[in-house]
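The structure appears below as structure tokens.
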Amino acid sequence: MALAVLMPLLVLLALWLGRGADEVIPDKLRAIWLPIVFLALLMTGSGYFAQETGEDQEDRVEEVVSHDTIESHEERAELFVWASALLLIASIAGLVPGATGRYGRYVTLALAMVVLVLGVRVGSTGGDLVYTHGAAQVYLDSR
């Protein structure tokens, strides 16, 4: 979640540092943009693994939380992972020199803002599962 919050700022910083570099110094642009690609990969991967972990715990949590409430969180998580994957693809396109790469970098910025909003939404429903609906209770009772 923290990475989803930081990503738009990091993309803006990379765009600012790399301005004009794709025509003049493509290696400088790659050096600046490659960390964005790595972070997008990290965010997509961690989102996927978090989603898989949540699916593993779903049956157990359904003992105390309604299926519809869990389903809402699950759907938001899926959307977050798909949007993160699109962000990863756009960030890879940002490595291409010229207009295609420039377009990819600006699409990456737009998608980073979308992923931020989706991350906040999935985090909010996850917090509701634990703090409002008592999802953690199934783990406390098993001690």
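How things are named: the first chain in the structure tokens is A, the next is B, and so on; residues count from 1 in each chain; ligands count from 1 in the order shown.
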
Write out as a CSV table (one decimal) with C-alpha atoms, in the first residue's frame the residues lying within 9 Å of Gly47 of chain A, counting only C-alpha atoms and excluding same-chain residues fewer than 2 positions away.
chain,number,residue,atom,x,y,z
A,1,MET,CA,0.0,0.0,0.0
A,42,LEU,CA,7.4,-5.1,-7.0
A,43,MET,CA,3.9,-3.6,-6.5
A,44,THR,CA,2.3,-5.9,-8.9
A,45,GLY,CA,3.9,-9.0,-7.5
A,49,PHE,CA,0.7,-12.4,-3.4
A,50,ALA,CA,-1.5,-10.4,-1.0
A,51,GLN,CA,-4.5,-11.3,-3.0
A,52,GLU,CA,-3.6,-15.0,-3.0
A,77,ALA,CA,-8.0,-6.3,-4.6
A,78,GLU,CA,-8.4,-7.9,-8.1
A,80,PHE,CA,-5.8,-3.2,-7.8
A,81,VAL,CA,-3.7,-6.0,-9.1
A,84,SER,CA,-0.8,-2.5,-11.2

7 Å contact set for Leu87 of chain A, only C-alpha atoms, chain neighbours under 3 positions out, as a PyMOL selection string: chain A and resi 40+83-84+90-91+108+111-112

Using the selection just defined, write its residues with N, CA and C atoms as a tab-separated table (two decimals), in the first residue's frame.
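Okay, selection.tsv is ready:
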chain	number	residue	atom	x	y	z
A	40	ALA	N	7.25	-0.92	-10.06
A	40	ALA	CA	5.96	-1.36	-10.60
A	40	ALA	C	5.86	-2.88	-10.56
A	83	ALA	N	-4.77	-3.23	-12.34
A	83	ALA	CA	-4.30	-1.88	-12.63
A	83	ALA	C	-2.78	-1.77	-12.42
A	84	SER	N	-2.27	-2.47	-11.41
A	84	SER	CA	-0.83	-2.50	-11.18
A	84	SER	C	-0.10	-3.17	-12.34
A	90	ALA	N	2.94	-0.21	-18.86
A	90	ALA	CA	3.19	1.17	-19.30
A	90	ALA	C	4.59	1.62	-18.91
A	91	SER	N	5.05	1.22	-17.73
A	91	SER	CA	6.39	1.64	-17.30
A	91	SER	C	7.46	0.98	-18.17
A	108	THR	N	2.13	5.99	-17.54
A	108	THR	CA	2.54	5.45	-16.24
A	108	THR	C	2.14	6.39	-15.12
A	111	LEU	N	-1.64	6.12	-14.64
A	111	LEU	CA	-1.99	4.85	-14.00
A	111	LEU	C	-1.52	4.80	-12.55
A	112	ALA	N	-0.41	5.45	-12.25
A	112	ALA	CA	0.06	5.48	-10.86
A	112	ALA	C	-0.97	6.18	-9.97

Among the residues A:Leu86, A:Leu95, A:Val65, A:Val11, the one that comes closest to Gly134 of chain A [using only C-alpha atoms]: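 The closest residue to Gly134 of chain A is A:Val65.
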
Helix (DSSP H, G or I) positions in segment 45-75 of chain A, given as a list in words: Gly45, Ser46, Gly47, Tyr48, Phe49, Ala50, Gln51, Glu52, Thr53, Gly54, Glu55, Asp56, Gln57, Glu58, Asp59, Arg60, Val61, His67, Asp68, Thr69, Ile70, Glu71, Ser72, His73, Glu74 and Glu75 of chain A

Spatial neighbours of segment 26-37 of chain A, max dist 8 Å, only C-alpha atoms, sep filter under 4 positions, as a list in words: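 Surrounding residues, per the criterion: Leu10, Val11, Ala14, Leu17, Gly18, Ala21, Asp22, Leu41, Leu88, Ser91, Ile92, Gly94, Leu95 and Pro97 of chain A.
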
Residue contacts of segment 66-74 of chain A (8 Å, only C-alpha atoms) excluding same-chain residues fewer than 5 positions away, as a JSON list (two decimals) with N, CA and C atoms, in the first residue's frame:
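Output below, filename selection.json:
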[["chain", "number", "residue", "atom", "x", "y", "z"],
["A", 51, "GLN", "N", -3.22, -10.84, -2.60],
["A", 51, "GLN", "CA", -4.52, -11.32, -3.05],
["A", 51, "GLN", "C", -4.61, -12.83, -2.85],
["A", 54, "GLY", "N", -5.02, -13.63, 0.80],
["A", 54, "GLY", "CA", -6.38, -13.34, 1.21],
["A", 54, "GLY", "C", -7.35, -14.42, 0.80],
["A", 55, "GLU", "N", -7.17, -14.96, -0.41],
["A", 55, "GLU", "CA", -8.06, -16.04, -0.86],
["A", 55, "GLU", "C", -7.87, -17.29, -0.02],
["A", 58, "GLU", "N", -9.92, -16.78, 3.15],
["A", 58, "GLU", "CA", -11.34, -16.42, 2.99],
["A", 58, "GLU", "C", -12.29, -17.35, 3.73],
["A", 122, "VAL", "N", -8.88, -0.50, -1.51],
["A", 122, "VAL", "CA", -8.70, -1.88, -1.05],
["A", 122, "VAL", "C", -8.20, -1.89, 0.39],
["A", 125, "THR", "N", -11.28, -1.20, 2.69],
["A", 125, "THR", "CA", -12.15, -2.35, 2.92],
["A", 125, "THR", "C", -11.45, -3.42, 3.74],
["A", 126, "GLY", "N", -10.13, -3.55, 3.58],
["A", 126, "GLY", "CA", -9.38, -4.50, 4.40],
["A", 126, "GLY", "C", -9.39, -4.09, 5.86],
["A", 129, "LEU", "N", -12.72, -4.92, 7.30],
["A", 129, "LEU", "CA", -12.84, -6.35, 7.63],
["A", 129, "LEU", "C", -12.29, -6.63, 9.03]]

Residue nearest Gly101 of chain A among A:Leu39, A:Leu15, A:Leu79, A:Met113 (counting only C-alpha atoms):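 With only C-alpha atoms as the atom set, the closest residue is A:Leu15.
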
Shortest interatomic distance to Val107 of chain A - which of A:Ala135, A:Ile89, A:Gly119, A:Ser46, counting only C-alpha atoms: A:Ile89

Atom pair atom CA of His133 of chain A / atom CA of Val64 of chain A: separation (Å):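 Distance reported for this atom pair: 7.5 Å.
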
Residues near segment 2-6 of chain A, cut-off 6 Å, only C-alpha atoms, skip fewer than 2 positions along chain, as a PyMOL selection string: chain A and resi 8-9+116
